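Below: one structure, written as structure tokens.
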Amino acid sequence: MPDAVTTAARFRETVGGDPTGVWSAPGRVNLIGEHTDYNGGLALPIALPQRTYAAVRPRVDGRLRLHSDAARDPVDVALADVKPGTPGGWASYVAGVAWAVGEAGHPVGGLDVHVSSDVPVGAGLSSSAALECSVAAALSDLLGLGLLADDDGRATLAGWCQQAENVIAEAPTGGMDQAISMRAEPAHATLLDCRSGAVEQVPFDLAASGLALLVVDTRAEHALVDGQYAARRRSCERAAQILGVATLREIPVADLDDALRRLRDGELEARVRHVVTEIDRVEQCVAALRDGDFDAVGRLFVASHASLRDDYEVSCDELDVSVDTAMAHGALGARMTGGGFGGSAIALVRAESVAPTGAAVTDAFVRRRWTEPGCFAVTASAAAGRDS
Ligand code: ADP
Ligand code: MG
């Protein structure tokens, strides 16, 4: 498990000399509200205990020299050459942040960076945003921007990280991941309003109720950069256009049937039904959490999964088996989380059921000759910040 001390030590090995500091940012898991962010909707993620650490020192020659434990070769690129698709690969997420900060009027003179992380990569737990946000936190301090000091500043940093991912890494993600990595609070889920940009912290302390949140990393490949995610986005934009609204957020659940009748396209109807009912489920979930009604939370998880599987068509066998197995072993609720097509599922379980449920899911995977999943319990953790 990396931390500020081990990451600074790795910096001394790969870059040489001491870093100016070490900053870190968490991965995230979304409790509910999937594929809603780019529709101006609501999402309810938590920050994970797993974090990405960036040991950083400024340079004055306009170059980015980037090392990561997760990448075989370091990357050396001139900031002036950073553009959509360049430098490419993992370095785009880091270079993209430096680029976005520069675009916002705060020129970066160059950076030496070493990255260490225990956020599973490509598991739908947002290692990409954790990487971006660790670097953005560093730049805020190194350039004296002071943006970590309050939520407004953190929202600004999250916006730059989203730009980095959308423009330079060319992944058309919606903003939830960066927002939660920057704006989370420990022991809280964060209600994100992706239309207004507002956040509301909702107490989320499962242990106090004898419960736990189990994450199942299915290890099934998911790739946001590939066409499916972009295709879902396009369908939503087309439906909004037909319905004469800026985003699907404008369709209240009470008007759903009427909206569906006007679409006259089975696939678009299913996509819109998911988005509109999912936004409604987020609101219901927040109310249930505030009431401490975890049975209701669990039922909403199950309904969300069915909607993502049947209407939005972004689940896969590994996710369905994870959810079905957890439910068969007494989970209060379970669902896929993140963009889908692989990645991770979550299950709301009794604290004593974490190990047996994980074992049952693992067994179900082994019986099907799939790669063994990673199963671990998580608690709502802290946002990006400086560690040393
Ligand atoms: P997710 O965000 O769900 O993990 P993405 O496909 O959005 O999946 O982002 C994964 C990509 O982010 C990796 O392929 C890699 O390019 C980059 N990445 C994330 N974490 C690291 C890391 N610690 N070191 C290097 N690259 C990383
Ligand atoms: Mg990502």
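Note on naming: chains are A, B, ... as they come in the structure tokens, residues start from 1 per chain, ligands start from 1 in the order shown.
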As an MDAnalysis selection string, please: the residues near Ser344 of chain A (cut-off 8 Å, only C-alpha atoms, same-chain neighbours under 6 positions excluded). chainID A and resid 123:125 215:219 319 336:338
Can you list, as a PyMOL selection string, all residues belonging to segment 39-158 of chain A that DSSP tags as alpha helix (DSSP H)? chain A and resi 91-103+127-142+151-158
Go through the chains and note each residue within 7 Å of ligand 2, using only C-alpha atoms and all ligand atoms, then give the set as a PyMOL selection string. chain A and resi 122+124+126-129
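Between ligand 1 and the candidates A:Asp61, A:Glu250, A:Glu13, A:Asp118, the tightest atom-to-atom separation, counting only C-alpha atoms and all ligand atoms, involves A:Asp118.
Among the candidate residues A:Gly339, A:Leu147, A:Val282, A:Leu48, the one lying nearest to ligand 1 is A:Gly339, with distances computed using only C-alpha atoms and all ligand atoms.
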Compute the set of protein, DNA and RNA residues whose minimum atom distance to ligand 1 is at most 9 Å, using only C-alpha atoms and all ligand atoms, and state it as a PyMOL selection string. chain A and resi 27+52-54+67-71+88-94+115-132+165+169+171+173+177+222-225+338-339+343-344
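Of the residues under consideration (A:Thr379, A:Thr277, A:Thr357, A:Gln284), A:Thr277 shows the shortest atom-to-atom contact distance to Glu34 of chain A when counting only C-alpha atoms.
Here the question is which of A:Leu211, A:Ala198, A:Ala326, A:Val361 gets nearest to Val297 of chain A using only C-alpha atoms, and that residue is A:Leu211.
Taking the backbone of this structure through DSSP, the residues of segment 150-261 of chain A that come out as strand (DSSP E) are His188, Ala189, Thr190, Leu191, Leu192, Asp193, Val199, Glu200, Gln201, Val202, Pro203, Leu211, Ala212, Leu213, Leu214, Val215, Val216 and Asp217 of chain A.
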Could you turn the residues from that selection into a file that holds N, CA, C and O atoms, as a compact mmCIF listing (two decimals), in the first residue's frame?
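Full text of again_36.txt as output:
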```txt
# COMPACT_ATOMS: atom_id res chain seq x y z
N HIS A 188 -19.18 10.25 4.52
CA HIS A 188 -20.32 10.81 3.81
C HIS A 188 -20.35 10.31 2.37
O HIS A 188 -19.30 10.10 1.77
N ALA A 189 -21.56 10.14 1.85
CA ALA A 189 -21.74 10.04 0.41
C ALA A 189 -22.00 11.45 -0.09
O ALA A 189 -22.52 12.28 0.66
N THR A 190 -21.62 11.72 -1.32
CA THR A 190 -21.75 13.08 -1.85
C THR A 190 -22.79 13.10 -2.95
O THR A 190 -22.61 12.45 -3.99
N LEU A 191 -23.88 13.82 -2.70
CA LEU A 191 -24.91 13.98 -3.73
C LEU A 191 -24.42 15.06 -4.69
O LEU A 191 -24.26 16.22 -4.31
N LEU A 192 -24.16 14.64 -5.93
CA LEU A 192 -23.68 15.58 -6.94
C LEU A 192 -24.84 15.96 -7.84
O LEU A 192 -25.49 15.09 -8.42
N ASP A 193 -25.08 17.23 -7.95
CA ASP A 193 -26.04 17.72 -8.94
C ASP A 193 -25.24 18.17 -10.15
O ASP A 193 -24.58 19.22 -10.12
N VAL A 199 -23.00 20.33 -4.53
CA VAL A 199 -22.86 19.06 -3.81
C VAL A 199 -23.56 19.17 -2.46
O VAL A 199 -23.70 20.26 -1.90
N GLU A 200 -24.01 18.01 -1.97
CA GLU A 200 -24.63 17.94 -0.65
C GLU A 200 -24.05 16.69 0.00
O GLU A 200 -24.06 15.62 -0.61
N GLN A 201 -23.56 16.84 1.22
CA GLN A 201 -22.96 15.69 1.91
C GLN A 201 -24.05 14.93 2.68
O GLN A 201 -24.81 15.52 3.45
N VAL A 202 -24.12 13.62 2.46
CA VAL A 202 -25.14 12.78 3.10
C VAL A 202 -24.43 11.79 4.02
O VAL A 202 -23.60 11.01 3.54
N PRO A 203 -24.72 11.81 5.32
CA PRO A 203 -24.01 10.90 6.23
C PRO A 203 -24.08 9.45 5.73
O PRO A 203 -25.15 8.98 5.33
N LEU A 211 -23.46 -2.71 9.00
CA LEU A 211 -23.43 -3.04 7.57
C LEU A 211 -22.07 -2.71 6.97
O LEU A 211 -21.23 -2.10 7.62
N ALA A 212 -21.89 -3.14 5.73
CA ALA A 212 -20.64 -2.84 5.02
C ALA A 212 -20.93 -2.78 3.54
O ALA A 212 -21.94 -3.32 3.06
N LEU A 213 -20.05 -2.10 2.82
CA LEU A 213 -20.16 -2.03 1.36
C LEU A 213 -19.03 -2.86 0.76
O LEU A 213 -17.85 -2.56 0.96
N LEU A 214 -19.43 -3.91 0.06
CA LEU A 214 -18.47 -4.81 -0.57
C LEU A 214 -18.30 -4.40 -2.03
O LEU A 214 -19.29 -4.21 -2.74
N VAL A 215 -17.06 -4.25 -2.45
CA VAL A 215 -16.76 -3.98 -3.86
C VAL A 215 -16.26 -5.27 -4.49
O VAL A 215 -15.42 -5.97 -3.90
N VAL A 216 -16.80 -5.61 -5.66
CA VAL A 216 -16.30 -6.75 -6.44
C VAL A 216 -15.69 -6.20 -7.72
O VAL A 216 -16.40 -5.70 -8.59
N ASP A 217 -14.37 -6.24 -7.80
CA ASP A 217 -13.68 -5.87 -9.05
C ASP A 217 -13.68 -7.12 -9.92
O ASP A 217 -12.95 -8.07 -9.65
```
Polymer residues at most 8 Å from Asp324 of chain A, only C-alpha atoms, same-chain spacing of 4 or more positions, as a ChimeraX atom specification: /A:320,328,334
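Across the structure, atom CA of Asp295 of chain A and atom CA of Val314 of chain A are spaced 25.1 Å apart.
The coordinates place atom CA of Arg367 of chain A at 16.6 Å from atom CA of His329 of chain A.
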Which residue out of A:Arg51, A:Arg369, A:Gly333, A:Val101 has the minimum interatomic distance to Val349 of chain A when only C-alpha atoms are used? A:Gly333
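Across A:Ala377, A:Phe204, A:Ile168, A:Asp255, the tightest approach to Pro186 of chain A is made by A:Phe204 when counting only C-alpha atoms.
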